[in-house]
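Single-structure report; data block below.
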Amino acid sequence: MSSLTEKDRPVVQLLLNAGTCPRCILRFCCVGSQMLYRHPDKDLMKDLQEFLENNQEKEDTVCLDVPDPPCKRIRLEHREEGADDQNHNGAIPQIPSADSGNAAMESLAVKVCNVCLGILQEFCEADFVKKVCQKVNSADYQFTSFVFSVSLPPQLSVRERAAWLGVKQEMRNLGLPLAKDDIVQLKEAYKWIIHPQLSEELGVPADGKSLFEVSVVFAHPETDEECHFLATACPDCFKPAKNKQSVFTRMAVIKALEKIKEEDFLKHFPCPPSSPKKLCDALEIQCNNGAVFVAGRYNKYSRNLPQTPWIIDGERKLESSVEELISEHLMAEFKADSFNFSSSGREDVDVRTLGNGRPFAIELVNPRRIHFTAEEMKRLQQAINDSSDKIQVRDLQLVTREAIGRMKEGEEEKTKTYSALIWTDRAIQREDIAFLDDIKELKLDQKTPLRVLHRRPLAVRCRLIHTMRSEYIDEHHFRLHLKTQAGTYIKEFVHGDFGRTKPNIGSLLNRTADILELDVESVDVDWPPTLAD
C-alpha cells in the first residue's frame, strides 16, 4: 500500500507552505504508488489540503491500493539510529493546519515548484505530451517501442538537497522525529506519469531495452548559478572537460553534494529553497534510433579505386571508393545520419579483390527506417551492383552488433590467397622458378614497409607464406599464387623493400624482382553467412 500516514503530516505541511508541488511532496513522503502520481495536479493539491485538515486520530485517505514494482531511490543521507521511532510515548505533536479556502489553494497551485522547477507540473500535462509526440511523428522513424530519457538541470540536485535539509531542520525545531527513508527520484516519478501518456499517443509500449529513444532536455536559466557555490566549497569535483560546455555537470554536482558538509551547505543555500518565477524550458525534444548493421562481401574489379576515400592534406585524390559506392545506397534507403565502414582487412588502390570477395560491415547511425525484408535487401544489393562496374556485393544482410565481432575474430590467424604478376631483370626458365612450388611454411621477417611507415609504427613482424605455386609466362614474367598468413605484405615479399623483408622473391631467385599486378583471390573468413540466390 502506498499512502500518507500521520507521520507525513509535518512534511506535507512544511513543503506545501514552502511552495513545493504535490508530486514532489509525495516523493519526499516516499510514496511509491505510480497511479497516485498520475492524478491531476489540482486533484492532488486538494487531497493534500484535505489530508492536513483531517483529524489526527484518523488515518489518512490519500492512498491507492495498487501493487507497484519496487521503485528506485536516491539516498540523501545515511539512516540514523532510531529514525523510525516517533517519540517515547508514540504521540505526534500538534502541527498547525494549512489555511483553508479556495483562494489559498489556488495561490498554492499556480506557484512554480521550488524543487522540480515545474517539471512535475506543466510538463506532465497532455499538451506537452502531444508536443513530444508531434516531434516524434514528424521525424518519420520506424519503431515498435520506445525508451524515454530526460536530462535535468544540475541545480535540481541542489534544490532537492536543500528541500530535504529544510524539512530536517524544521522538524528538529518542532521536536518531531524524522524518518530517514529515501525519496523517490524525480526522473522516476516523471516517467511514471509520462510513460502511459506517450504510449497511448504513439501507440507502442515503453520498453527500457528499446533501441528507439525519445529524449527531452530541460534547462532553467533563472537558477543556473545556484550550483556555483559548490565549486568554491569542493573545487576538486569540477574539472574542465574538452567535450563539456560547463564544469557544472549533473555528476559533478552530485559528487560535490556528497562531499560538502551540511553546515557549509546551509551557509550558502536557503533551506527549503525559494520558489522561482519561471518554469523550466524544454530546450530539446530529440529522437534517436539505435544503429543498424549491414554486412556482406564485396568484389573490387578496378585498379584505380581505394577502399576508403583517398584524401591527402585535404585534397581528394580519386573520385570515389568502395566504401562510398556501397554506403551511398544504404544511407538513402535506411535514411541514416551517418555510417561507419569496416572490413576484414583492406587492399591497396591498385589491387583487385576477386573470388568470393572481402567481408565488410557498415554501421548505419540513427536510421529512420530499420525494417527490411530479405527480398528488399536483395533489391538493395542489386541496386548497388547496377550502379557501378567497379564493384559488386553479395550476401547483403542485416546483422547484429555482436555478430560483427566474428569478422574481426582471428584476423591474425586467417589466411588469404593472392595472385601476383612478377617481373625479373634477368631472363628465367621454367626450371628457375619450379623450386618455389616445393617451399612450405616460409617464415618472413618484415620490417614496416617504407610506403606505410607514415601511418604504421616501426616494427619487425613475423609472417608465414604457407604455399606457393608458379606459372611461367616468358623469360621475364611469371605468375605466383600464394597462400599466406593474414597481414603479410605481398608487394614487399616480391621486391624486398630494400632489404626490409627477408627472405623475398628477389633473394630466392638471386635476381631483381618486382610486382606488376596483384589480386586478392580469397579472404578465408566464414562470415557473413552465404545467402541463397
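Chain labels follow the order of the C-alpha cells: the first chain is A, the next B, and so on; residue numbering restarts at 1 in every chain, and ligands are counted from 1 in their shown order.
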
(message) Give me, as number ranges by chain, all polymer residues having an atom no more than 10 Å from His477 (chain A), counting only C-alpha atoms and skipping those fewer than 3 positions away in the same chain.
(response) A: 421-425, 427-429, 471-474, 480, 513-516

Generate a file of the selected residues that holds N, CA and C atoms, formatted as a short mmCIF file (atom, residue, chain, number, x, y, z; two decimals), in the first residue's frame.
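This went into again-v9.cif:
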data_model
loop_
_atom_site.label_atom_id
_atom_site.label_comp_id
_atom_site.auth_asym_id
_atom_site.auth_seq_id
_atom_site.Cartn_x
_atom_site.Cartn_y
_atom_site.Cartn_z
N LEU A 421 51.58 -10.98 -60.50
CA LEU A 421 52.32 -10.98 -61.76
C LEU A 421 53.69 -10.36 -61.48
N ILE A 422 54.78 -11.16 -61.72
CA ILE A 422 56.12 -10.76 -61.30
C ILE A 422 57.03 -10.60 -62.52
N TRP A 423 57.88 -9.57 -62.47
CA TRP A 423 58.90 -9.30 -63.49
C TRP A 423 60.28 -9.52 -62.89
N THR A 424 61.20 -10.06 -63.69
CA THR A 424 62.60 -10.21 -63.25
C THR A 424 63.52 -9.52 -64.24
N ASP A 425 64.62 -8.97 -63.73
CA ASP A 425 65.54 -8.23 -64.60
C ASP A 425 66.33 -9.17 -65.50
N ALA A 427 66.78 -12.97 -67.42
CA ALA A 427 65.92 -13.98 -68.02
C ALA A 427 65.80 -15.21 -67.13
N ILE A 428 64.61 -15.81 -67.14
CA ILE A 428 64.34 -17.01 -66.36
C ILE A 428 63.77 -18.11 -67.26
N GLN A 429 63.97 -19.35 -66.82
CA GLN A 429 63.37 -20.50 -67.47
C GLN A 429 62.44 -21.18 -66.46
N GLU A 471 53.56 -20.02 -62.25
CA GLU A 471 53.13 -20.22 -63.64
C GLU A 471 54.08 -19.42 -64.53
N TYR A 472 54.86 -20.12 -65.31
CA TYR A 472 55.82 -19.46 -66.20
C TYR A 472 55.08 -18.78 -67.36
N ILE A 473 55.47 -17.53 -67.66
CA ILE A 473 54.85 -16.79 -68.77
C ILE A 473 55.87 -16.58 -69.89
N ASP A 474 56.97 -15.90 -69.59
CA ASP A 474 58.05 -15.72 -70.56
C ASP A 474 59.35 -15.50 -69.80
N LEU A 480 52.66 -15.86 -59.72
CA LEU A 480 52.84 -16.62 -58.49
C LEU A 480 51.55 -16.59 -57.67
N ALA A 513 63.59 -8.56 -58.65
CA ALA A 513 62.20 -8.89 -58.99
C ALA A 513 61.30 -7.73 -58.58
N ASP A 514 60.24 -7.57 -59.32
CA ASP A 514 59.25 -6.53 -58.96
C ASP A 514 57.86 -7.05 -59.29
N ILE A 515 56.87 -6.44 -58.67
CA ILE A 515 55.48 -6.89 -58.85
C ILE A 515 54.77 -5.91 -59.79
N LEU A 516 54.07 -6.46 -60.77
CA LEU A 516 53.36 -5.64 -61.76
C LEU A 516 51.87 -5.58 -61.46
#

Using backbone DSSP assignments, extract all alpha helix (DSSP H) residues from region 243-413 of chain A; output them as a short mmCIF file (atom, residue, chain, number, x, y, z; two decimals) with C-alpha atoms, in the first residue's frame.
data_model
loop_
_atom_site.label_atom_id
_atom_site.label_comp_id
_atom_site.auth_asym_id
_atom_site.auth_seq_id
_atom_site.Cartn_x
_atom_site.Cartn_y
_atom_site.Cartn_z
CA ARG A 250 24.99 16.70 -13.08
CA MET A 251 27.52 14.10 -11.96
CA ALA A 252 29.97 16.76 -10.76
CA VAL A 253 27.23 18.47 -8.75
CA ILE A 254 26.09 15.19 -7.19
CA LYS A 255 29.69 14.37 -6.27
CA ALA A 256 30.10 17.78 -4.63
CA LEU A 257 26.82 17.41 -2.71
CA GLU A 258 28.04 14.09 -1.33
CA LYS A 259 31.26 15.74 -0.21
CA GLU A 262 25.77 20.03 5.95
CA GLU A 263 26.68 23.20 7.83
CA ASP A 264 28.62 24.56 4.86
CA PHE A 265 25.70 23.88 2.53
CA LEU A 266 23.28 25.71 4.87
CA LYS A 267 25.53 28.78 4.84
CA HIS A 268 25.22 29.17 1.06
CA VAL A 322 34.48 1.06 -52.34
CA GLU A 323 33.08 2.45 -49.08
CA GLU A 324 31.21 5.25 -50.83
CA LEU A 325 29.85 3.15 -53.69
CA ILE A 326 28.23 0.80 -51.17
CA SER A 327 27.24 3.21 -48.41
CA GLU A 328 25.51 5.85 -50.55
CA HIS A 329 22.71 3.37 -51.37
CA LEU A 330 22.41 2.13 -47.79
CA MET A 331 22.32 5.67 -46.41
CA ALA A 332 19.50 6.59 -48.78
CA GLU A 333 17.37 3.51 -48.06
CA PHE A 334 17.86 3.43 -44.29
CA ALA A 374 15.01 -10.44 -47.35
CA GLU A 375 13.54 -9.53 -50.72
CA GLU A 376 14.08 -5.82 -50.11
CA MET A 377 17.71 -6.48 -49.16
CA LYS A 378 18.15 -8.40 -52.44
CA ARG A 379 16.80 -5.45 -54.38
CA LEU A 380 19.12 -3.10 -52.49
CA GLN A 381 22.08 -5.35 -53.32
CA GLN A 382 21.07 -5.32 -56.99
CA ALA A 383 20.82 -1.52 -56.97
CA ILE A 384 24.40 -1.28 -55.67
CA ASN A 385 25.65 -3.72 -58.31
CA ASP A 386 23.83 -1.93 -61.12
CA SER A 387 25.31 1.43 -60.14
CA ARG A 401 26.49 -5.64 -33.46
CA GLU A 402 27.73 -8.79 -31.72
CA ALA A 403 27.94 -10.71 -34.99
CA ILE A 404 30.38 -8.17 -36.45
CA GLY A 405 32.91 -9.34 -33.89
CA ARG A 406 33.19 -12.59 -35.85
CA MET A 407 34.59 -10.64 -38.80
CA LYS A 408 37.41 -9.33 -36.63
#

(message) Which residue is closest to Thr20 (chain A)? Choose from A:Val150, A:Ile433, A:Lys130, A:Ser275 and count only C-alpha atoms.
(response) A:Ser275

(message) Show me, as a VMD selection string, the residues that have an atom within 12 Å of Ala163 (chain A) when counting only C-alpha atoms, minus same-chain residues fewer than 2 positions from it.
(response) chain A and resid 11 to 12 14 to 21 24 to 25 27 to 28 76 113 to 116 156 to 161 165 to 170 183 265 to 266 269 to 275

(request) Compile the contact shell of Ile311 (chain A) as a PyMOL selection string: residues with an atom at most 12 Å away, counting only C-alpha atoms, same-chain residues fewer than 6 positions apart removed. (result) chain A and resi 317-321

Could you take the residues named above and write them with all heavy atoms, as a PDB file, in the first residue's frame?
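Generated output (part_16.pdb):
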ATOM      1  N   LYS A 317      42.134  12.592 -53.901  1.00  0.00           N
ATOM      2  CA  LYS A 317      42.963  12.099 -54.999  1.00  0.00           C
ATOM      3  C   LYS A 317      42.165  11.338 -56.049  1.00  0.00           C
ATOM      4  O   LYS A 317      42.487  11.394 -57.225  1.00  0.00           O
ATOM      5  CB  LYS A 317      44.076  11.209 -54.432  1.00  0.00           C
ATOM      6  CG  LYS A 317      45.050  11.942 -53.518  1.00  0.00           C
ATOM      7  CD  LYS A 317      45.746  13.081 -54.249  1.00  0.00           C
ATOM      8  CE  LYS A 317      46.733  13.812 -53.367  1.00  0.00           C
ATOM      9  NZ  LYS A 317      47.382  14.939 -54.054  1.00  0.00           N
ATOM     10  N   LEU A 318      41.161  10.575 -55.632  1.00  0.00           N
ATOM     11  CA  LEU A 318      40.332   9.829 -56.573  1.00  0.00           C
ATOM     12  C   LEU A 318      38.866  10.120 -56.292  1.00  0.00           C
ATOM     13  O   LEU A 318      38.486  10.430 -55.162  1.00  0.00           O
ATOM     14  CB  LEU A 318      40.617   8.327 -56.470  1.00  0.00           C
ATOM     15  CG  LEU A 318      42.029   7.897 -56.921  1.00  0.00           C
ATOM     16  CD1 LEU A 318      42.284   6.446 -56.567  1.00  0.00           C
ATOM     17  CD2 LEU A 318      42.208   8.136 -58.417  1.00  0.00           C
ATOM     18  N   GLU A 319      38.039   9.990 -57.321  1.00  0.00           N
ATOM     19  CA  GLU A 319      36.666  10.491 -57.210  1.00  0.00           C
ATOM     20  C   GLU A 319      35.762   9.643 -56.329  1.00  0.00           C
ATOM     21  O   GLU A 319      34.763  10.129 -55.806  1.00  0.00           O
ATOM     22  CB  GLU A 319      36.052  10.613 -58.611  1.00  0.00           C
ATOM     23  CG  GLU A 319      35.868   9.276 -59.319  1.00  0.00           C
ATOM     24  CD  GLU A 319      35.206   9.428 -60.682  1.00  0.00           C
ATOM     25  OE1 GLU A 319      35.167  10.565 -61.198  1.00  0.00           O
ATOM     26  OE2 GLU A 319      34.738   8.417 -61.214  1.00  0.00           O
ATOM     27  N   SER A 320      36.095   8.363 -56.135  1.00  0.00           N
ATOM     28  CA  SER A 320      35.198   7.523 -55.356  1.00  0.00           C
ATOM     29  C   SER A 320      35.989   6.465 -54.597  1.00  0.00           C
ATOM     30  O   SER A 320      37.221   6.447 -54.609  1.00  0.00           O
ATOM     31  CB  SER A 320      34.151   6.862 -56.254  1.00  0.00           C
ATOM     32  OG  SER A 320      33.139   6.252 -55.471  1.00  0.00           O
ATOM     33  N   SER A 321      35.274   5.557 -53.927  1.00  0.00           N
ATOM     34  CA  SER A 321      35.893   4.482 -53.142  1.00  0.00           C
ATOM     35  C   SER A 321      34.879   3.360 -52.979  1.00  0.00           C
ATOM     36  O   SER A 321      33.675   3.548 -53.209  1.00  0.00           O
ATOM     37  CB  SER A 321      36.341   5.000 -51.776  1.00  0.00           C
ATOM     38  OG  SER A 321      35.212   5.398 -51.008  1.00  0.00           O
TER      39      SER A 321
END

(message) Just checking: using only C-alpha atoms, which residue out of A:Ser343, A:Thr467, A:Thr501, A:Gln397 ends up closest to His371 (chain A)?
(response)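 Closest candidate: A:Gln397.
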
(message) Please compute the CA of Ser138 (chain A)-CA of Ile193 (chain A) distance, one decimal, in Å.
(response)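 Atom-to-atom, CA of Ser138 (chain A) to CA of Ile193 (chain A), that is 23.3 Å.
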
(request) Mind giving me the straight-line distance from CA of Glu53 (chain A) to CA of Pro40 (chain A) in Å, one decimal? (result)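 CA of Pro40 (chain A) lies 20.3 Å from CA of Glu53 (chain A).
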
(request) Give the answer as one residue: which of A:Gln13, A:Thr232, A:Ser246, A:Asn356 has the shortest atom-to-atom distance to Glu50 (chain A), using only C-alpha atoms? (result) A:Gln13

(message) Residues near Pro196 (chain A), anyone? I mean within 9 Å using only C-alpha atoms, not counting same-chain ones fewer than 5 positions away, as a list in words.
(response)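 In the requested form, the answer reads Lys191, Glu201, Pro205 and Ala206 of chain A.
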
Selected residues, C-alpha atoms, written as a short mmCIF file (atom, residue, chain, number, x, y, z; two decimals), in the first residue's frame, please.
data_model
loop_
_atom_site.label_atom_id
_atom_site.label_comp_id
_atom_site.auth_asym_id
_atom_site.auth_seq_id
_atom_site.Cartn_x
_atom_site.Cartn_y
_atom_site.Cartn_z
CA LYS A 191 8.48 8.60 -16.15
CA GLU A 201 -0.36 8.74 -28.11
CA PRO A 205 4.75 0.34 -25.41
CA ALA A 206 7.54 1.88 -23.34
#
